[in-house]
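Undergrad: There's a structure below that I have some questions on.
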Number of protein chains: 2
Amino acid sequence: MYKQLRQQINKIIDLTDEEFDYFTTFAKLKKLRRKELVLTEGEVCRHAYFVKTGCLRYFYTVQGEQHTGQFFFESAWYADYESFLSGQPSRQNIEALENTEIIMIPKTALEKLYQEVPKFEKFGRLMAEKAFMGLRQRTEMITNQSPEERYLNLIKQRPKLIERIPQHYIASYLGVKPQSLSRIRKRIIQNP
Amino acid sequence: MYKQLRQQINKIIDLTDEEFDYFTTFAKLKKLRRKELVLTEGEVCRHAYFVKTGCLRYFYTVQGEQHTGQFFFESAWYADYESFLSGQPSRQNIEALENTEIIMIPKTALEKLYQEVPKFEKFGRLMAEKAFMGLRQRTEMITNQSPEERYLNLIKQRPKLIERIPQHYIASYLGVKPQSLSRIRKRIIQNP
DNA sequence: CGTCTATTTGAATGTACTCAAAAGCGGTGG
DNA sequence: CCACCGCTTTTGAGTACATTCAAATAGACG
């Protein structure tokens, strides 16, 4: 049932069977249909989400425009840390781009685990550190690279993403308009 | 001696006098002159830095150009998390913009503290979470706002920074050329 | 097949960039 | 005290590239 989850957690900390079983008593499964939201802006993010199958996208809206923050595929974790930690309403939306199965861990459960089992405090730290590094990579991509470079890098580093995600979402993720991404692709095809 | 440090840490976790004293046994003081680097790209970041007085800037170089990531003033913490955590050479430089006094905490000390005192594990988690939120704010500023909006926001949110930091560093922080920032300022002065 | 959405293409526009040079400012030494 | 030097900031002119507005084409799904 939770084998996949166990594998991912094992990459971060070693849990005994008991500890993992205890962890899973708090887990909730949820199935999402394509385009369904698991978090809507204005709500407080009270869960961490683990993608079992499918794909999530988080985005936020600025002046009526959607900005895509990130995509998450099988075995990835996500939560809107800002809302999750502060308890403030989230400005993000988290949406399933395909029919998607997720495992939800309530914040309250994590807090309980942090207190009861020191090992989970370490888990929490490592997750936050990992999240930080992921975001930094993303930030550098946006600040240091031209749209064309960003797209070429994405092809190189996450080729499966290109095949799986509709182009206008990729444009939004790269920080350009769909028309611009279309032209970028054209340029790339014409010039080796 | 370490009163200022104690105050800042108290904002995050409660430490007993003994715990704090133990913590400070690992601390090292360092004075930096203006323009001096405390971390150079290629080195591994083995310390967390706490600014006692003065100001630090971290930047990295892309195709010969400096990109300023962030400024840190009195009572701020910094470390290149990526290098600090992974042990890989840093791509960042950390520089004093003024004569600056810092307190350095070795990574090895933190690891020891994490193991020995559970409370510090929590401290580590909270610091990572805080770092994450700071970076996210920065990322959104870059992705969602025009250079002019970024500058106006900076004036509003960190007015002291504007007075204290030379303009070309601010331009670099905002992701524009110094000439462009100069023109932005001109526009702002002319139009209310 | 027809409708709706996604992608592509075209033309005009705007904004930051580059290259270049002038003006401003701070510090040093005569 | 002033003259000079290096560095910062400003200004000008021309360019590059993503954007906007608009429309055509292509694909997906009922």
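Convention: chains lettered A, B, ... in structure tokens order; per-chain residue numbering from 1; ligands numbered from 1 as shown.
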Return as a list in words the residues belonging to chain A that are within 12 Å of chain D, counting only C-alpha atoms (C1' of nucleotides).
TA: Ser146, Pro147, Glu148, Gly175, Val176, Lys177, Pro178, Gln179, Ser180, Leu181, Ser182, Arg183 and Ile184 of chain A
Undergrad: Residues of chain C near chain B: apply a cut-off of 12 Å, count only C-alpha atoms (C1' of nucleotides), and supply the list as JSON, numbers by chain.
TA: {"C": [15, 16, 17, 18, 19]}
Undergrad: What parts of segment 43-187 of chain B does DSSP call strand (DSSP E or B)? I'd like the answer as a compact mmCIF listing (two decimals) with N, CA and C atoms, in the first residue's frame.
TA:
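Printed below is selection.txt as written:
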# COMPACT_ATOMS: atom_id res chain seq x y z
N GLU B 43 35.36 27.39 -3.10
CA GLU B 43 35.52 26.88 -1.74
C GLU B 43 34.24 26.18 -1.29
N VAL B 44 34.39 25.29 -0.32
CA VAL B 44 33.21 24.71 0.31
C VAL B 44 32.78 25.62 1.46
N HIS B 47 30.70 27.09 7.12
CA HIS B 47 30.23 27.84 8.28
C HIS B 47 28.89 28.50 7.98
N ALA B 48 28.14 28.71 9.03
CA ALA B 48 27.03 29.65 8.96
C ALA B 48 27.54 30.97 9.52
N TYR B 49 27.12 32.07 8.92
CA TYR B 49 27.61 33.38 9.31
C TYR B 49 26.49 34.19 9.93
N PHE B 50 26.83 34.83 11.03
CA PHE B 50 25.88 35.72 11.69
C PHE B 50 26.49 37.11 11.67
N VAL B 51 25.75 38.08 11.15
CA VAL B 51 26.30 39.44 11.03
C VAL B 51 26.11 40.18 12.35
N LYS B 52 27.23 40.54 12.96
CA LYS B 52 27.16 41.31 14.20
C LYS B 52 26.99 42.79 13.89
N THR B 53 27.90 43.30 13.08
CA THR B 53 27.78 44.68 12.60
C THR B 53 28.22 44.71 11.15
N LEU B 56 26.85 42.16 4.68
CA LEU B 56 27.37 41.20 3.72
C LEU B 56 26.51 41.19 2.46
N ARG B 57 27.13 40.80 1.38
CA ARG B 57 26.40 40.60 0.12
C ARG B 57 26.85 39.27 -0.43
N TYR B 58 25.92 38.47 -0.92
CA TYR B 58 26.39 37.29 -1.65
C TYR B 58 26.07 37.47 -3.12
N PHE B 59 26.99 37.02 -3.95
CA PHE B 59 26.80 37.15 -5.39
C PHE B 59 27.45 35.97 -6.08
N TYR B 60 27.06 35.76 -7.31
CA TYR B 60 27.71 34.72 -8.10
C TYR B 60 27.95 35.28 -9.48
N THR B 61 28.80 34.60 -10.22
CA THR B 61 29.26 35.14 -11.49
C THR B 61 28.72 34.29 -12.62
N VAL B 62 28.08 34.93 -13.58
CA VAL B 62 27.59 34.23 -14.76
C VAL B 62 28.14 34.96 -15.98
N GLU B 65 29.65 38.24 -15.34
CA GLU B 65 28.81 39.24 -14.69
C GLU B 65 28.44 38.82 -13.27
N GLN B 66 28.51 39.78 -12.37
CA GLN B 66 28.10 39.50 -11.00
C GLN B 66 26.58 39.63 -10.85
N HIS B 67 26.00 38.62 -10.25
CA HIS B 67 24.58 38.69 -9.90
C HIS B 67 24.47 38.70 -8.38
N THR B 68 23.86 39.74 -7.86
CA THR B 68 23.73 39.82 -6.41
C THR B 68 22.51 39.05 -5.94
N GLY B 69 22.73 38.12 -5.03
CA GLY B 69 21.62 37.30 -4.54
C GLY B 69 20.89 37.96 -3.38
N GLN B 70 21.65 38.49 -2.45
CA GLN B 70 21.01 39.07 -1.27
C GLN B 70 22.00 39.89 -0.46
N PHE B 71 21.46 40.81 0.33
CA PHE B 71 22.25 41.59 1.29
C PHE B 71 21.85 41.16 2.70
N PHE B 72 22.81 41.17 3.60
CA PHE B 72 22.53 40.79 4.99
C PHE B 72 23.10 41.84 5.92
N TRP B 77 21.40 35.96 9.47
CA TRP B 77 22.19 34.74 9.28
C TRP B 77 22.38 34.49 7.80
N TYR B 78 23.50 33.90 7.45
CA TYR B 78 23.61 33.39 6.10
C TYR B 78 24.60 32.25 6.01
N PRO B 89 31.73 22.36 -3.78
CA PRO B 89 32.25 23.73 -3.86
C PRO B 89 31.12 24.72 -4.12
N GLN B 92 29.11 30.62 -4.99
CA GLN B 92 28.84 31.96 -4.49
C GLN B 92 30.10 32.62 -3.92
N ASN B 93 30.04 33.92 -3.86
CA ASN B 93 31.00 34.71 -3.11
C ASN B 93 30.24 35.47 -2.06
N ILE B 94 30.81 35.56 -0.87
CA ILE B 94 30.19 36.37 0.16
C ILE B 94 31.19 37.45 0.54
N GLU B 95 30.74 38.66 0.44
CA GLU B 95 31.63 39.82 0.52
C GLU B 95 31.10 40.81 1.55
N ALA B 96 32.01 41.44 2.26
CA ALA B 96 31.62 42.53 3.16
C ALA B 96 31.52 43.82 2.35
N THR B 100 32.96 44.84 8.61
CA THR B 100 31.90 43.99 9.14
C THR B 100 32.45 43.00 10.16
N GLU B 101 31.67 42.79 11.21
CA GLU B 101 32.04 41.77 12.20
C GLU B 101 31.05 40.62 12.13
N ILE B 102 31.55 39.43 11.99
CA ILE B 102 30.65 38.28 11.91
C ILE B 102 31.01 37.24 12.97
N ILE B 103 30.01 36.42 13.27
CA ILE B 103 30.23 35.24 14.11
C ILE B 103 30.06 34.03 13.22
N MET B 104 31.02 33.13 13.26
CA MET B 104 30.98 31.96 12.39
C MET B 104 30.70 30.71 13.22
N ILE B 105 29.74 29.93 12.77
CA ILE B 105 29.45 28.64 13.41
C ILE B 105 29.80 27.53 12.43
N PRO B 106 30.75 26.69 12.79
CA PRO B 106 31.15 25.63 11.86
C PRO B 106 30.03 24.61 11.66
Undergrad: List every residue of segment 74-152 of chain B that DSSP, applied to the backbone of this structure, assigns to alpha helix (DSSP H), and report them as a PDB file with N, CA and C atoms, in the first residue's frame.
TA:
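Okay, states07.pdb is ready:
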ATOM      1  N   TYR B  81      23.618  27.463   1.613  1.00  0.00           N
ATOM      2  CA  TYR B  81      23.013  26.190   1.989  1.00  0.00           C
ATOM      3  C   TYR B  81      23.433  25.061   1.059  1.00  0.00           C
ATOM      4  N   GLU B  82      23.447  25.374  -0.199  1.00  0.00           N
ATOM      5  CA  GLU B  82      23.699  24.323  -1.180  1.00  0.00           C
ATOM      6  C   GLU B  82      25.059  23.682  -0.942  1.00  0.00           C
ATOM      7  N   SER B  83      26.069  24.526  -0.800  1.00  0.00           N
ATOM      8  CA  SER B  83      27.406  24.013  -0.553  1.00  0.00           C
ATOM      9  C   SER B  83      27.528  23.491   0.876  1.00  0.00           C
ATOM     10  N   PHE B  84      26.958  24.229   1.780  1.00  0.00           N
ATOM     11  CA  PHE B  84      26.991  23.892   3.202  1.00  0.00           C
ATOM     12  C   PHE B  84      26.448  22.485   3.432  1.00  0.00           C
ATOM     13  N   LEU B  85      25.338  22.190   2.787  1.00  0.00           N
ATOM     14  CA  LEU B  85      24.683  20.901   2.999  1.00  0.00           C
ATOM     15  C   LEU B  85      25.313  19.783   2.192  1.00  0.00           C
ATOM     16  N   SER B  86      25.691  20.099   0.959  1.00  0.00           N
ATOM     17  CA  SER B  86      26.163  19.035   0.078  1.00  0.00           C
ATOM     18  C   SER B  86      27.659  18.787   0.212  1.00  0.00           C
ATOM     19  N   LYS B 107      29.976  24.093  10.462  1.00  0.00           N
ATOM     20  CA  LYS B 107      29.006  23.049  10.147  1.00  0.00           C
ATOM     21  C   LYS B 107      29.172  21.858  11.093  1.00  0.00           C
ATOM     22  N   THR B 108      30.423  21.515  11.345  1.00  0.00           N
ATOM     23  CA  THR B 108      30.683  20.364  12.218  1.00  0.00           C
ATOM     24  C   THR B 108      30.056  20.570  13.601  1.00  0.00           C
ATOM     25  N   ALA B 109      30.094  21.825  14.062  1.00  0.00           N
ATOM     26  CA  ALA B 109      29.495  22.114  15.366  1.00  0.00           C
ATOM     27  C   ALA B 109      27.988  21.920  15.311  1.00  0.00           C
ATOM     28  N   LEU B 110      27.383  22.396  14.236  1.00  0.00           N
ATOM     29  CA  LEU B 110      25.937  22.244  14.113  1.00  0.00           C
ATOM     30  C   LEU B 110      25.552  20.779  14.088  1.00  0.00           C
ATOM     31  N   GLU B 111      26.323  19.979  13.347  1.00  0.00           N
ATOM     32  CA  GLU B 111      26.008  18.546  13.262  1.00  0.00           C
ATOM     33  C   GLU B 111      26.086  17.895  14.642  1.00  0.00           C
ATOM     34  N   LYS B 112      27.102  18.286  15.372  1.00  0.00           N
ATOM     35  CA  LYS B 112      27.264  17.790  16.743  1.00  0.00           C
ATOM     36  C   LYS B 112      26.051  18.188  17.594  1.00  0.00           C
ATOM     37  N   LEU B 113      25.670  19.448  17.486  1.00  0.00           N
ATOM     38  CA  LEU B 113      24.543  19.948  18.274  1.00  0.00           C
ATOM     39  C   LEU B 113      23.240  19.244  17.878  1.00  0.00           C
ATOM     40  N   TYR B 114      23.067  19.034  16.589  1.00  0.00           N
ATOM     41  CA  TYR B 114      21.862  18.341  16.127  1.00  0.00           C
ATOM     42  C   TYR B 114      21.740  16.986  16.820  1.00  0.00           C
ATOM     43  N   GLN B 115      22.871  16.299  16.879  1.00  0.00           N
ATOM     44  CA  GLN B 115      22.845  14.955  17.454  1.00  0.00           C
ATOM     45  C   GLN B 115      22.654  14.971  18.954  1.00  0.00           C
ATOM     46  N   GLU B 116      23.347  15.903  19.590  1.00  0.00           N
ATOM     47  CA  GLU B 116      23.385  15.865  21.048  1.00  0.00           C
ATOM     48  C   GLU B 116      22.151  16.491  21.693  1.00  0.00           C
ATOM     49  N   PRO B 118      18.317  17.653  20.932  1.00  0.00           N
ATOM     50  CA  PRO B 118      17.190  17.638  19.975  1.00  0.00           C
ATOM     51  C   PRO B 118      16.672  19.033  19.637  1.00  0.00           C
ATOM     52  N   LYS B 119      16.777  19.900  20.608  1.00  0.00           N
ATOM     53  CA  LYS B 119      16.292  21.259  20.402  1.00  0.00           C
ATOM     54  C   LYS B 119      16.985  21.931  19.210  1.00  0.00           C
ATOM     55  N   PHE B 120      18.232  21.593  19.005  1.00  0.00           N
ATOM     56  CA  PHE B 120      18.966  22.205  17.906  1.00  0.00           C
ATOM     57  C   PHE B 120      18.523  21.652  16.551  1.00  0.00           C
ATOM     58  N   GLU B 121      18.080  20.428  16.575  1.00  0.00           N
ATOM     59  CA  GLU B 121      17.518  19.876  15.336  1.00  0.00           C
ATOM     60  C   GLU B 121      16.320  20.718  14.916  1.00  0.00           C
ATOM     61  N   LYS B 122      15.539  21.065  15.902  1.00  0.00           N
ATOM     62  CA  LYS B 122      14.391  21.931  15.626  1.00  0.00           C
ATOM     63  C   LYS B 122      14.855  23.293  15.119  1.00  0.00           C
ATOM     64  N   PHE B 123      15.884  23.798  15.750  1.00  0.00           N
ATOM     65  CA  PHE B 123      16.464  25.060  15.309  1.00  0.00           C
ATOM     66  C   PHE B 123      16.878  24.969  13.839  1.00  0.00           C
ATOM     67  N   GLY B 124      17.540  23.889  13.508  1.00  0.00           N
ATOM     68  CA  GLY B 124      17.971  23.679  12.125  1.00  0.00           C
ATOM     69  C   GLY B 124      16.795  23.648  11.176  1.00  0.00           C
ATOM     70  N   ARG B 125      15.746  22.965  11.575  1.00  0.00           N
ATOM     71  CA  ARG B 125      14.560  22.904  10.723  1.00  0.00           C
ATOM     72  C   ARG B 125      13.956  24.286  10.536  1.00  0.00           C
ATOM     73  N   LEU B 126      13.818  25.008  11.626  1.00  0.00           N
ATOM     74  CA  LEU B 126      13.188  26.327  11.528  1.00  0.00           C
ATOM     75  C   LEU B 126      14.025  27.294  10.689  1.00  0.00           C
ATOM     76  N   MET B 127      15.342  27.175  10.811  1.00  0.00           N
ATOM     77  CA  MET B 127      16.199  28.041  10.001  1.00  0.00           C
ATOM     78  C   MET B 127      16.041  27.716   8.518  1.00  0.00           C
ATOM     79  N   ALA B 128      15.980  26.431   8.210  1.00  0.00           N
ATOM     80  CA  ALA B 128      15.826  26.029   6.812  1.00  0.00           C
ATOM     81  C   ALA B 128      14.483  26.510   6.270  1.00  0.00           C
ATOM     82  N   GLU B 129      13.455  26.395   7.108  1.00  0.00           N
ATOM     83  CA  GLU B 129      12.130  26.830   6.673  1.00  0.00           C
ATOM     84  C   GLU B 129      12.107  28.343   6.445  1.00  0.00           C
ATOM     85  N   LYS B 130      12.761  29.039   7.340  1.00  0.00           N
ATOM     86  CA  LYS B 130      12.833  30.492   7.187  1.00  0.00           C
ATOM     87  C   LYS B 130      13.595  30.883   5.924  1.00  0.00           C
ATOM     88  N   ALA B 131      14.689  30.190   5.703  1.00  0.00           N
ATOM     89  CA  ALA B 131      15.486  30.460   4.505  1.00  0.00           C
ATOM     90  C   ALA B 131      14.646  30.232   3.259  1.00  0.00           C
ATOM     91  N   PHE B 132      13.863  29.178   3.310  1.00  0.00           N
ATOM     92  CA  PHE B 132      13.003  28.856   2.173  1.00  0.00           C
ATOM     93  C   PHE B 132      12.027  29.991   1.900  1.00  0.00           C
ATOM     94  N   MET B 133      11.407  30.479   2.937  1.00  0.00           N
ATOM     95  CA  MET B 133      10.399  31.519   2.736  1.00  0.00           C
ATOM     96  C   MET B 133      11.026  32.814   2.238  1.00  0.00           C
ATOM     97  N   GLY B 134      12.227  33.104   2.732  1.00  0.00           N
ATOM     98  CA  GLY B 134      12.921  34.294   2.242  1.00  0.00           C
ATOM     99  C   GLY B 134      13.220  34.188   0.757  1.00  0.00           C
ATOM    100  N   LEU B 135      13.670  33.012   0.371  1.00  0.00           N
ATOM    101  CA  LEU B 135      14.007  32.812  -1.035  1.00  0.00           C
ATOM    102  C   LEU B 135      12.769  32.875  -1.915  1.00  0.00           C
ATOM    103  N   ARG B 136      11.656  32.363  -1.391  1.00  0.00           N
ATOM    104  CA  ARG B 136      10.445  32.368  -2.187  1.00  0.00           C
ATOM    105  C   ARG B 136       9.957  33.802  -2.438  1.00  0.00           C
ATOM    106  N   GLN B 137      10.077  34.610  -1.429  1.00  0.00           N
ATOM    107  CA  GLN B 137       9.702  36.009  -1.592  1.00  0.00           C
ATOM    108  C   GLN B 137      10.555  36.658  -2.689  1.00  0.00           C
ATOM    109  N   ARG B 138      11.836  36.388  -2.613  1.00  0.00           N
ATOM    110  CA  ARG B 138      12.761  36.919  -3.604  1.00  0.00           C
ATOM    111  C   ARG B 138      12.409  36.414  -5.004  1.00  0.00           C
ATOM    112  N   THR B 139      12.114  35.139  -5.112  1.00  0.00           N
ATOM    113  CA  THR B 139      11.806  34.545  -6.403  1.00  0.00           C
ATOM    114  C   THR B 139      10.552  35.163  -7.003  1.00  0.00           C
ATOM    115  N   GLU B 140       9.566  35.373  -6.163  1.00  0.00           N
ATOM    116  CA  GLU B 140       8.331  35.964  -6.673  1.00  0.00           C
ATOM    117  C   GLU B 140       8.551  37.389  -7.126  1.00  0.00           C
ATOM    118  N   MET B 141       9.373  38.095  -6.387  1.00  0.00           N
ATOM    119  CA  MET B 141       9.681  39.465  -6.774  1.00  0.00           C
ATOM    120  C   MET B 141      10.284  39.484  -8.176  1.00  0.00           C
ATOM    121  N   ILE B 142      11.188  38.581  -8.431  1.00  0.00           N
ATOM    122  CA  ILE B 142      11.849  38.554  -9.742  1.00  0.00           C
ATOM    123  C   ILE B 142      10.885  38.098 -10.831  1.00  0.00           C
ATOM    124  N   THR B 143      10.066  37.105 -10.535  1.00  0.00           N
ATOM    125  CA  THR B 143       9.235  36.545 -11.604  1.00  0.00           C
ATOM    126  C   THR B 143       7.965  37.343 -11.870  1.00  0.00           C
ATOM    127  N   ASN B 144       7.435  37.998 -10.856  1.00  0.00           N
ATOM    128  CA  ASN B 144       6.119  38.612 -11.045  1.00  0.00           C
ATOM    129  C   ASN B 144       6.153  40.107 -11.276  1.00  0.00           C
ATOM    130  N   PRO B 147      10.913  45.514 -13.427  1.00  0.00           N
ATOM    131  CA  PRO B 147      12.026  46.151 -12.726  1.00  0.00           C
ATOM    132  C   PRO B 147      11.568  47.369 -11.926  1.00  0.00           C
ATOM    133  N   GLU B 148      10.711  48.163 -12.520  1.00  0.00           N
ATOM    134  CA  GLU B 148      10.246  49.354 -11.798  1.00  0.00           C
ATOM    135  C   GLU B 148       9.467  48.983 -10.541  1.00  0.00           C
ATOM    136  N   GLU B 149       8.580  48.013 -10.658  1.00  0.00           N
ATOM    137  CA  GLU B 149       7.834  47.560  -9.482  1.00  0.00           C
ATOM    138  C   GLU B 149       8.779  47.016  -8.421  1.00  0.00           C
ATOM    139  N   ARG B 150       9.788  46.290  -8.859  1.00  0.00           N
ATOM    140  CA  ARG B 150      10.738  45.724  -7.905  1.00  0.00           C
ATOM    141  C   ARG B 150      11.426  46.827  -7.127  1.00  0.00           C
ATOM    142  N   TYR B 151      11.816  47.867  -7.854  1.00  0.00           N
ATOM    143  CA  TYR B 151      12.514  48.970  -7.181  1.00  0.00           C
ATOM    144  C   TYR B 151      11.594  49.691  -6.210  1.00  0.00           C
ATOM    145  N   LEU B 152      10.380  49.969  -6.651  1.00  0.00           N
ATOM    146  CA  LEU B 152       9.429  50.651  -5.774  1.00  0.00           C
ATOM    147  C   LEU B 152       9.148  49.835  -4.520  1.00  0.00           C
TER     148      LEU B 152
END
Undergrad: Return the single residue from A:Phe20, A:Phe26, A:Phe73, A:Tyr173 that is closest to chain B, with distances computed using only C-alpha atoms.
TA: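 With only C-alpha atoms as the atom set, the closest residue is A:Tyr173.
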Undergrad: Find the residue from B:Ala27, B:Leu174, B:Leu32, B:Ile188 that sits nearest to chain A; use only C-alpha atoms when measuring.
TA: B:Leu174
